[in-house]
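File shown: work-v7.txt (compact mmCIF, C-alpha atoms).
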```
# COMPACT_ATOMS: atom_id res chain seq x y z
CA MET A 1 44.18 48.28 29.97
CA SER A 2 41.03 46.46 28.95
CA THR A 3 41.26 42.81 28.07
CA MET A 4 37.73 42.67 26.59
CA THR A 5 37.34 41.73 22.95
CA ALA A 6 35.37 44.06 20.69
CA ALA A 7 32.48 41.59 20.80
CA GLN A 8 32.52 41.60 24.60
CA GLN A 9 32.60 45.39 24.63
CA ARG A 10 29.61 45.51 22.30
CA GLU A 11 27.80 42.99 24.48
CA GLN A 12 28.50 45.05 27.59
CA ALA A 13 27.41 48.23 25.82
CA LYS A 14 24.18 46.57 24.71
CA VAL A 15 23.31 45.57 28.25
CA ALA A 16 24.01 49.09 29.44
CA TYR A 17 21.44 50.81 27.17
CA ASP A 18 18.39 51.67 29.26
CA ALA A 19 15.88 54.25 28.08
CA PHE A 20 14.75 54.82 31.69
CA VAL A 21 18.12 56.54 32.22
CA ALA A 22 17.98 60.19 31.19
CA GLY A 23 21.46 60.36 29.71
CA CYS A 24 21.27 57.07 27.81
CA PRO A 25 21.52 57.49 24.02
CA SER A 26 18.64 55.02 23.67
CA ARG A 27 16.38 57.54 25.47
CA GLN A 28 17.08 60.05 22.70
CA LEU A 29 16.61 57.37 20.02
CA LEU A 30 13.28 56.35 21.60
CA ASP A 31 12.29 60.01 21.44
CA ARG A 32 13.27 60.23 17.76
CA ILE A 33 11.36 57.14 16.67
CA SER A 34 8.30 57.90 18.83
CA ASP A 35 6.84 60.20 16.23
CA LYS A 36 3.71 59.99 14.14
CA TRP A 37 5.53 61.12 10.98
CA VAL A 38 8.14 58.41 11.46
CA ALA A 39 5.32 55.85 11.85
CA LEU A 40 3.57 57.10 8.70
CA VAL A 41 6.70 57.41 6.51
CA LEU A 42 7.77 53.88 7.45
CA ALA A 43 4.27 52.50 6.81
CA ALA A 44 4.03 54.26 3.43
CA LEU A 45 7.45 53.05 2.27
CA ALA A 46 6.72 49.51 3.48
CA ASP A 47 3.46 49.57 1.49
CA GLU A 48 4.87 51.03 -1.71
CA GLY A 49 8.49 49.85 -1.72
CA THR A 50 10.11 52.95 -3.20
CA MET A 51 8.59 56.43 -3.23
CA ARG A 52 9.53 59.89 -4.38
CA PHE A 53 9.39 62.87 -2.06
CA SER A 54 6.24 64.22 -3.75
CA GLN A 55 4.50 60.85 -3.49
CA LEU A 56 5.26 60.68 0.22
CA GLY A 57 3.93 64.19 0.64
CA ARG A 58 0.63 63.21 -0.93
CA ARG A 59 0.35 59.94 1.04
CA LEU A 60 0.99 61.69 4.38
CA ALA A 61 -1.87 64.14 4.05
CA GLY A 62 -1.18 67.38 5.89
CA VAL A 63 2.56 66.97 6.35
CA SER A 64 4.54 70.12 5.62
CA GLN A 65 7.44 70.02 3.17
CA LYS A 66 9.77 71.07 5.97
CA MET A 67 8.59 68.36 8.37
CA LEU A 68 8.81 65.68 5.68
CA THR A 69 12.33 66.81 4.73
CA GLN A 70 13.45 66.75 8.38
CA THR A 71 11.86 63.36 9.03
CA LEU A 72 13.43 61.77 5.92
CA ARG A 73 16.86 63.25 6.66
CA SER A 74 16.75 61.94 10.22
CA LEU A 75 15.60 58.49 9.04
CA GLU A 76 18.41 58.46 6.47
CA ARG A 77 21.01 59.51 9.03
CA ASP A 78 19.82 56.80 11.44
CA GLY A 79 20.19 54.15 8.70
CA LEU A 80 16.45 53.45 8.41
CA VAL A 81 15.89 54.85 4.92
CA VAL A 82 18.07 55.00 1.82
CA ARG A 83 17.88 58.09 -0.37
CA SER A 84 18.89 57.49 -3.98
CA VAL A 85 19.37 60.17 -6.60
CA THR A 86 18.97 59.36 -10.30
CA PRO A 87 20.50 61.99 -12.65
CA THR A 88 17.42 62.51 -14.80
CA VAL A 89 16.19 65.99 -15.76
CA PRO A 90 14.90 67.04 -13.31
CA VAL A 91 16.77 64.84 -10.84
CA THR A 92 14.75 61.90 -9.43
CA VAL A 93 15.03 61.34 -5.67
CA ASP A 94 13.68 58.08 -4.26
CA TYR A 95 13.35 56.74 -0.73
CA THR A 96 13.41 53.06 0.28
CA LEU A 97 13.45 51.31 3.65
CA THR A 98 16.64 49.56 4.75
CA PRO A 99 16.32 46.19 6.55
CA LEU A 100 16.76 48.15 9.80
CA GLY A 101 13.90 50.44 8.75
CA GLU A 102 11.77 47.41 7.96
CA SER A 103 12.38 46.01 11.44
CA LEU A 104 11.24 49.29 13.01
CA ASP A 105 8.29 49.52 10.64
CA GLU A 106 6.90 46.25 11.99
CA LEU A 107 6.64 47.87 15.42
CA MET A 108 5.45 51.29 14.25
CA ARG A 109 2.84 49.71 12.02
CA GLY A 110 1.47 48.03 15.14
CA LEU A 111 1.17 51.45 16.76
CA LYS A 112 -0.71 52.90 13.78
CA ALA A 113 -3.02 49.86 13.67
CA TRP A 114 -3.58 50.10 17.44
CA ALA A 115 -4.63 53.76 17.13
CA GLU A 116 -7.03 52.94 14.30
CA ALA A 117 -8.46 49.85 16.01
CA HIS A 118 -8.95 51.42 19.46
CA MET A 119 -10.14 54.90 18.46
CA ASP A 120 -13.74 54.12 19.48
CA VAL A 121 -12.92 52.79 22.92
CA VAL A 122 -10.47 55.66 23.59
CA GLN A 123 -13.15 58.16 22.53
CA ALA A 124 -15.64 56.49 24.88
CA ALA A 125 -13.10 56.77 27.72
CA ARG A 126 -12.58 60.46 26.92
CA ASP A 127 -16.31 61.15 26.90
CA GLU A 128 -16.65 59.47 30.28
CA TYR A 129 -13.65 61.38 31.72
CA ASP A 130 -14.92 64.72 30.42
CA ALA A 131 -18.41 64.05 31.84
CA ARG A 132 -17.10 63.60 35.40
CA MET B 1 -33.11 56.07 8.72
CA SER B 2 -30.19 53.68 9.18
CA THR B 3 -30.88 49.98 9.32
CA MET B 4 -27.36 49.16 10.53
CA THR B 5 -27.01 47.50 13.90
CA ALA B 6 -24.69 49.09 16.45
CA ALA B 7 -22.15 46.36 15.72
CA GLN B 8 -22.30 47.10 12.00
CA GLN B 9 -21.88 50.81 12.67
CA ARG B 10 -18.84 50.11 14.82
CA GLU B 11 -17.43 47.87 12.12
CA GLN B 12 -17.95 50.58 9.50
CA ALA B 13 -16.40 53.19 11.77
CA LYS B 14 -13.40 50.95 12.37
CA VAL B 15 -12.75 50.54 8.66
CA ALA B 16 -13.01 54.32 8.21
CA TYR B 17 -10.18 55.17 10.65
CA ASP B 18 -6.99 55.82 8.69
CA ALA B 19 -4.07 57.66 10.25
CA PHE B 20 -2.79 58.63 6.77
CA VAL B 21 -5.77 61.00 6.60
CA ALA B 22 -4.98 64.35 8.24
CA GLY B 23 -8.42 64.88 9.79
CA CYS B 24 -8.85 61.33 11.09
CA PRO B 25 -9.07 61.13 14.91
CA SER B 26 -6.70 58.15 14.77
CA ARG B 27 -3.99 60.48 13.40
CA GLN B 28 -4.27 62.57 16.57
CA LEU B 29 -4.32 59.43 18.73
CA LEU B 30 -1.22 58.11 16.96
CA ASP B 31 0.42 61.45 17.71
CA ARG B 32 -0.56 61.21 21.40
CA ILE B 33 0.73 57.69 21.93
CA SER B 34 3.92 58.22 19.87
CA ASP B 35 5.73 59.72 22.81
CA LYS B 36 8.74 58.58 24.78
CA TRP B 37 7.11 59.47 28.12
CA VAL B 38 4.06 57.40 27.21
CA ALA B 39 6.35 54.48 26.35
CA LEU B 40 8.27 54.83 29.63
CA VAL B 41 5.21 55.32 31.88
CA LEU B 42 3.52 52.26 30.38
CA ALA B 43 6.71 50.17 30.71
CA ALA B 44 7.22 51.25 34.33
CA LEU B 45 3.61 50.50 35.32
CA ALA B 46 3.71 47.16 33.49
CA ASP B 47 6.88 46.26 35.43
CA GLU B 48 5.72 47.40 38.84
CA GLY B 49 1.95 46.91 38.72
CA THR B 50 0.90 49.94 40.75
CA MET B 51 3.03 53.02 41.34
CA ARG B 52 2.73 56.35 43.09
CA PHE B 53 3.45 59.61 41.32
CA SER B 54 6.77 60.04 43.16
CA GLN B 55 7.86 56.49 42.30
CA LEU B 56 7.13 57.12 38.63
CA GLY B 57 9.10 60.36 38.79
CA ARG B 58 12.14 58.52 40.12
CA ARG B 59 11.84 55.65 37.60
CA LEU B 60 11.58 58.04 34.63
CA ALA B 61 14.83 59.83 35.33
CA GLY B 62 14.79 63.41 34.10
CA VAL B 63 11.03 63.78 33.63
CA SER B 64 9.67 67.08 34.93
CA GLN B 65 6.76 67.08 37.37
CA LYS B 66 4.69 69.01 34.83
CA MET B 67 5.41 66.57 31.99
CA LEU B 68 4.66 63.54 34.18
CA THR B 69 1.39 65.12 35.36
CA GLN B 70 0.33 65.91 31.78
CA THR B 71 1.28 62.44 30.53
CA LEU B 72 -0.59 60.66 33.33
CA ARG B 73 -3.68 62.84 32.91
CA SER B 74 -3.78 62.18 29.19
CA LEU B 75 -3.29 58.43 29.73
CA GLU B 76 -6.09 58.47 32.32
CA ARG B 77 -8.43 60.40 30.01
CA ASP B 78 -7.72 57.98 27.16
CA GLY B 79 -8.60 55.02 29.39
CA LEU B 80 -5.06 53.59 29.50
CA VAL B 81 -4.32 54.24 33.17
CA VAL B 82 -6.49 54.26 36.29
CA ARG B 83 -5.75 56.83 38.98
CA SER B 84 -6.92 55.82 42.43
CA VAL B 85 -6.95 58.03 45.48
CA THR B 86 -6.76 56.54 48.96
CA PRO B 87 -7.81 58.95 51.75
CA THR B 88 -4.74 58.51 53.93
CA VAL B 89 -2.92 61.48 55.49
CA PRO B 90 -1.44 62.67 53.22
CA VAL B 91 -3.62 61.33 50.43
CA THR B 92 -2.15 58.38 48.48
CA VAL B 93 -2.46 58.55 44.70
CA ASP B 94 -1.70 55.39 42.73
CA TYR B 95 -1.57 54.65 39.02
CA THR B 96 -2.27 51.27 37.39
CA LEU B 97 -2.58 50.16 33.76
CA THR B 98 -6.02 49.23 32.44
CA PRO B 99 -6.31 46.23 30.08
CA LEU B 100 -6.33 48.78 27.23
CA GLY B 101 -3.13 50.28 28.61
CA GLU B 102 -1.59 46.82 28.84
CA SER B 103 -2.39 46.18 25.17
CA LEU B 104 -0.66 49.42 24.17
CA ASP B 105 2.27 48.69 26.49
CA GLU B 106 3.04 45.50 24.59
CA LEU B 107 3.65 47.61 21.47
CA MET B 108 5.43 50.50 23.19
CA ARG B 109 7.68 48.11 25.08
CA GLY B 110 8.76 46.76 21.70
CA LEU B 111 9.71 50.31 20.69
CA LYS B 112 11.76 50.86 23.85
CA ALA B 113 13.46 47.48 23.40
CA TRP B 114 14.13 48.26 19.72
CA ALA B 115 15.82 51.56 20.64
CA GLU B 116 17.98 49.84 23.25
CA ALA B 117 18.86 46.87 21.01
CA HIS B 118 19.69 48.90 17.87
CA MET B 119 21.48 51.86 19.43
CA ASP B 120 24.89 50.63 18.26
CA VAL B 121 23.90 50.09 14.64
CA VAL B 122 22.04 53.42 14.52
CA GLN B 123 25.11 55.17 15.95
CA ALA B 124 27.29 53.51 13.30
CA ALA B 125 24.90 54.73 10.58
CA ARG B 126 25.05 58.27 12.02
CA ASP B 127 28.83 58.23 12.10
CA GLU B 128 28.91 57.15 8.48
CA TYR B 129 26.36 59.76 7.43
CA ASP B 130 28.20 62.53 9.25
CA ALA B 131 31.54 61.49 7.69
CA ARG B 132 30.21 61.92 4.13
```
This entry written out as C-alpha cells:
Amino acid sequence: MSTMTAAQQREQAKVAYDAFVAGCPSRQLLDRISDKWVALVLAALADEGTMRFSQLGRRLAGVSQKMLTQTLRSLERDGLVVRSVTPTVPVTVDYTLTPLGESLDELMRGLKAWAEAHMDVVQAARDEYDAR
Amino acid sequence: MSTMTAAQQREQAKVAYDAFVAGCPSRQLLDRISDKWVALVLAALADEGTMRFSQLGRRLAGVSQKMLTQTLRSLERDGLVVRSVTPTVPVTVDYTLTPLGESLDELMRGLKAWAEAHMDVVQAARDEYDAR
C-alpha cells in the first residue's frame, strides 16, 4: 500500500514524536531519562571512562544497590551504556558510555551543573516563598 | 570571626555544592528538576509566554490536576515560575517563567528534544536487548 521508502517512513516517524502527547513513546523516554540517578551515572562514567559496579556505587553516594542495578540495566537496554563482563575470578563487570550515552550526558551534565550553580538563588526563592 | 566578603562566601558555597554527595542540597534540587512534568511545563510556558492552569492542563496531555498543581507550586517556590492572580470573576490565574525558569528551560528543552530525536535508535537498542 505505502509507497514511502524506509528513510521517508523514519523521517515521518521522527516528526511525529511529541512528548506533549500522552501516548507518545518519547513521553515515556523523557520520563526515563529525567532522573537524578541517570544524570549521576552518566556524569560519573563520562568522568572516569569505564567503571565497575562497586566504583559507581561509591561515586553515587547514597544510591541503593537495587536502584543502581535498575538504573544500569535500563541504560543498557536503551543503548546508553555498554556492560562488559571479563571472565576473571571473581568475574569483572564494567560499564562504559556508548556514543548515544555521551550525547545524553552532555545534556544531563548541564542539569547537574545548573542545580549546583543555582542552589543559592533557588534557596533564596524558597525562603521568600515560605515567609509569605 | 570570618573575614570573607559576602561574594567570597557565595563563591565558596558554590564550589561546595556537589550533587554526587548524598546530603548536598543540589542533589535534592537535581531530583526536583529531573522530572518530565517540569520539562513539559517549562517548554509549554516558554512557547506560549503566559498560560492559565487550564491551558497548561490541555497542553500537557494526560497530566492530572493534582500533579499539575504540585508541579506548578514547586516551580513557583523554587523561583522558576511566577503565579499571578487577576481579580476578575472568576479569578484569573496565570503562570509565566522567570529568567531563572527560562535558563532551566533551555536545558530541559534539550532533554525533551533529545527524547524525541533519539526515540527510534533507543527503540532499536531495546529490541536488540530484548532479543538476546
Exercise answer, chain A residues close to chain B, 7 Å and all atoms listed in the file, as number ranges by chain: A: 14, 17-22, 26, 29-31, 34-36, 40, 59-62, 77-79, 107, 110-112, 115-117, 119, 122, 125-126, 129
Would you compute the distance between atom CA of Leu45 of chain A and atom CA of Gly101 of chain B? Give it in Å to one decimal. 28.5 Å
What does the distance between atom CA of Phe53 of chain A and atom CA of Arg132 of chain B come to in Å, to one decimal place?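 These two atoms are separated by 21.7 Å.
Omitting segment 90-98 of chain A and its sequence neighbours fewer than 3 positions away, and counting all atoms listed in the file, the residues within 6 Å are Thr50, Met51, Arg52, Leu80, Val81, Val82, Arg83, Ser84, Val85, Thr86, Pro87 and Gly101 of chain A.
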Quick one: distance from atom CA of Ala46 of chain B to atom CA of Thr88 of chain B in Å, one decimal?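 Between atom CA of Ala46 of chain B and atom CA of Thr88 of chain B the gap works out to 24.9 Å.
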Box for segment 75-88 of chain B: with edges along x, y and z, all listed atoms inside and 6 Å added on each side, what are the centre and edge lengths in Å to one decimal, as lines of an AutoDock Vina configuration file?
```
center_x = -5.9
center_y = 57.0
center_z = 40.5
size_x = 17.3
size_y = 18.8
size_z = 38.8
```
For N, CA and C atoms, please extract segment 19-59 of chain A from the block and return it as a JSON list (two decimals), in the first residue's frame.
```
[["chain", "number", "residue", "atom", "x", "y", "z"],
["A", 19, "ALA", "N", 6.59, 14.80, 22.90],
["A", 19, "ALA", "CA", 6.45, 14.42, 24.31],
["A", 19, "ALA", "C", 5.26, 15.11, 24.99],
["A", 20, "PHE", "N", 4.67, 16.12, 24.34],
["A", 20, "PHE", "CA", 3.45, 16.71, 24.91],
["A", 20, "PHE", "C", 2.28, 15.74, 24.80],
["A", 21, "VAL", "N", 2.37, 14.79, 23.89],
["A", 21, "VAL", "CA", 1.29, 13.82, 23.66],
["A", 21, "VAL", "C", 1.46, 12.65, 24.62],
["A", 22, "ALA", "N", 0.38, 12.37, 25.38],
["A", 22, "ALA", "CA", 0.48, 11.39, 26.46],
["A", 22, "ALA", "C", 0.94, 10.02, 25.97],
["A", 23, "GLY", "N", 0.42, 9.58, 24.83],
["A", 23, "GLY", "CA", 0.71, 8.23, 24.36],
["A", 23, "GLY", "C", 1.99, 8.12, 23.56],
["A", 24, "CYS", "N", 2.69, 9.23, 23.36],
["A", 24, "CYS", "CA", 3.90, 9.18, 22.52],
["A", 24, "CYS", "C", 5.03, 8.46, 23.26],
["A", 25, "PRO", "N", 5.73, 7.52, 22.58],
["A", 25, "PRO", "CA", 6.83, 6.83, 23.24],
["A", 25, "PRO", "C", 7.89, 7.80, 23.78],
["A", 26, "SER", "N", 8.04, 8.96, 23.15],
["A", 26, "SER", "CA", 9.06, 9.91, 23.61],
["A", 26, "SER", "C", 8.69, 10.50, 24.98],
["A", 27, "ARG", "N", 7.39, 10.52, 25.31],
["A", 27, "ARG", "CA", 6.97, 10.95, 26.66],
["A", 27, "ARG", "C", 7.54, 9.98, 27.70],
["A", 28, "GLN", "N", 7.44, 8.69, 27.41],
["A", 28, "GLN", "CA", 7.94, 7.68, 28.35],
["A", 28, "GLN", "C", 9.48, 7.73, 28.41],
["A", 29, "LEU", "N", 10.10, 7.98, 27.26],
["A", 29, "LEU", "CA", 11.57, 8.08, 27.25],
["A", 29, "LEU", "C", 12.03, 9.31, 28.03],
["A", 30, "LEU", "N", 11.30, 10.43, 27.86],
["A", 30, "LEU", "CA", 11.62, 11.64, 28.62],
["A", 30, "LEU", "C", 11.52, 11.36, 30.12],
["A", 31, "ASP", "N", 10.50, 10.58, 30.49],
["A", 31, "ASP", "CA", 10.31, 10.21, 31.89],
["A", 31, "ASP", "C", 11.49, 9.37, 32.39],
["A", 32, "ARG", "N", 11.92, 8.41, 31.57],
["A", 32, "ARG", "CA", 13.04, 7.54, 31.94],
["A", 32, "ARG", "C", 14.34, 8.33, 32.17],
["A", 33, "ILE", "N", 14.63, 9.24, 31.23],
["A", 33, "ILE", "CA", 15.92, 9.94, 31.31],
["A", 33, "ILE", "C", 15.89, 11.09, 32.31],
["A", 34, "SER", "N", 14.69, 11.59, 32.63],
["A", 34, "SER", "CA", 14.58, 12.65, 33.64],
["A", 34, "SER", "C", 14.68, 12.02, 35.01],
["A", 35, "ASP", "N", 15.89, 11.78, 35.45],
["A", 35, "ASP", "CA", 16.08, 11.01, 36.68],
["A", 35, "ASP", "C", 17.46, 11.37, 37.22],
["A", 36, "LYS", "N", 17.51, 11.68, 38.52],
["A", 36, "LYS", "CA", 18.79, 12.12, 39.06],
["A", 36, "LYS", "C", 19.85, 11.01, 38.99],
["A", 37, "TRP", "N", 19.43, 9.74, 39.13],
["A", 37, "TRP", "CA", 20.42, 8.67, 39.08],
["A", 37, "TRP", "C", 20.97, 8.50, 37.67],
["A", 38, "VAL", "N", 20.11, 8.70, 36.68],
["A", 38, "VAL", "CA", 20.58, 8.68, 35.29],
["A", 38, "VAL", "C", 21.62, 9.79, 35.09],
["A", 39, "ALA", "N", 21.29, 11.00, 35.56],
["A", 39, "ALA", "CA", 22.21, 12.14, 35.43],
["A", 39, "ALA", "C", 23.55, 11.82, 36.09],
["A", 40, "LEU", "N", 23.51, 11.22, 37.28],
["A", 40, "LEU", "CA", 24.75, 10.99, 38.03],
["A", 40, "LEU", "C", 25.55, 9.82, 37.46],
["A", 41, "VAL", "N", 24.87, 8.75, 37.02],
["A", 41, "VAL", "CA", 25.60, 7.63, 36.40],
["A", 41, "VAL", "C", 26.30, 8.10, 35.13],
["A", 42, "LEU", "N", 25.58, 8.85, 34.29],
["A", 42, "LEU", "CA", 26.18, 9.33, 33.05],
["A", 42, "LEU", "C", 27.37, 10.24, 33.35],
["A", 43, "ALA", "N", 27.21, 11.15, 34.31],
["A", 43, "ALA", "CA", 28.31, 12.07, 34.65],
["A", 43, "ALA", "C", 29.52, 11.31, 35.18],
["A", 44, "ALA", "N", 29.28, 10.30, 36.02],
["A", 44, "ALA", "CA", 30.39, 9.52, 36.58],
["A", 44, "ALA", "C", 31.13, 8.76, 35.48],
["A", 45, "LEU", "N", 30.37, 8.11, 34.59],
["A", 45, "LEU", "CA", 31.01, 7.34, 33.52],
["A", 45, "LEU", "C", 31.73, 8.26, 32.53],
["A", 46, "ALA", "N", 31.17, 9.43, 32.28],
["A", 46, "ALA", "CA", 31.84, 10.37, 31.38],
["A", 46, "ALA", "C", 33.15, 10.86, 32.01],
["A", 47, "ASP", "N", 33.15, 11.03, 33.34],
["A", 47, "ASP", "CA", 34.38, 11.46, 34.03],
["A", 47, "ASP", "C", 35.45, 10.38, 34.01],
["A", 48, "GLU", "N", 35.04, 9.15, 34.29],
["A", 48, "GLU", "CA", 36.00, 8.09, 34.58],
["A", 48, "GLU", "C", 36.27, 7.17, 33.39],
["A", 49, "GLY", "N", 35.42, 7.24, 32.36],
["A", 49, "GLY", "CA", 35.58, 6.34, 31.22],
["A", 49, "GLY", "C", 34.86, 5.04, 31.48],
["A", 50, "THR", "N", 35.54, 4.11, 32.15],
["A", 50, "THR", "CA", 34.94, 2.82, 32.47],
["A", 50, "THR", "C", 34.93, 2.64, 33.98],
["A", 51, "MET", "N", 33.84, 2.11, 34.51],
["A", 51, "MET", "CA", 33.76, 1.90, 35.95],
["A", 51, "MET", "C", 33.11, 0.56, 36.26],
["A", 52, "ARG", "N", 33.52, 0.00, 37.39],
["A", 52, "ARG", "CA", 32.85, -1.21, 37.88],
["A", 52, "ARG", "C", 31.63, -0.81, 38.69],
["A", 53, "PHE", "N", 30.76, -1.78, 38.90],
["A", 53, "PHE", "CA", 29.54, -1.55, 39.68],
["A", 53, "PHE", "C", 29.87, -0.95, 41.05],
["A", 54, "SER", "N", 30.86, -1.54, 41.73],
["A", 54, "SER", "CA", 31.18, -1.09, 43.09],
["A", 54, "SER", "C", 31.75, 0.34, 43.08],
["A", 55, "GLN", "N", 32.50, 0.68, 42.04],
["A", 55, "GLN", "CA", 33.01, 2.04, 41.94],
["A", 55, "GLN", "C", 31.87, 3.04, 41.74],
["A", 56, "LEU", "N", 30.93, 2.67, 40.90],
["A", 56, "LEU", "CA", 29.76, 3.54, 40.69],
["A", 56, "LEU", "C", 28.99, 3.73, 41.99],
["A", 57, "GLY", "N", 28.85, 2.64, 42.73],
["A", 57, "GLY", "CA", 28.12, 2.72, 44.00],
["A", 57, "GLY", "C", 28.78, 3.68, 44.98],
["A", 58, "ARG", "N", 30.11, 3.69, 44.98],
["A", 58, "ARG", "CA", 30.80, 4.62, 45.87],
["A", 58, "ARG", "C", 30.68, 6.06, 45.38],
["A", 59, "ARG", "N", 30.78, 6.25, 44.05],
["A", 59, "ARG", "CA", 30.74, 7.61, 43.49],
["A", 59, "ARG", "C", 29.37, 8.25, 43.70]]
```
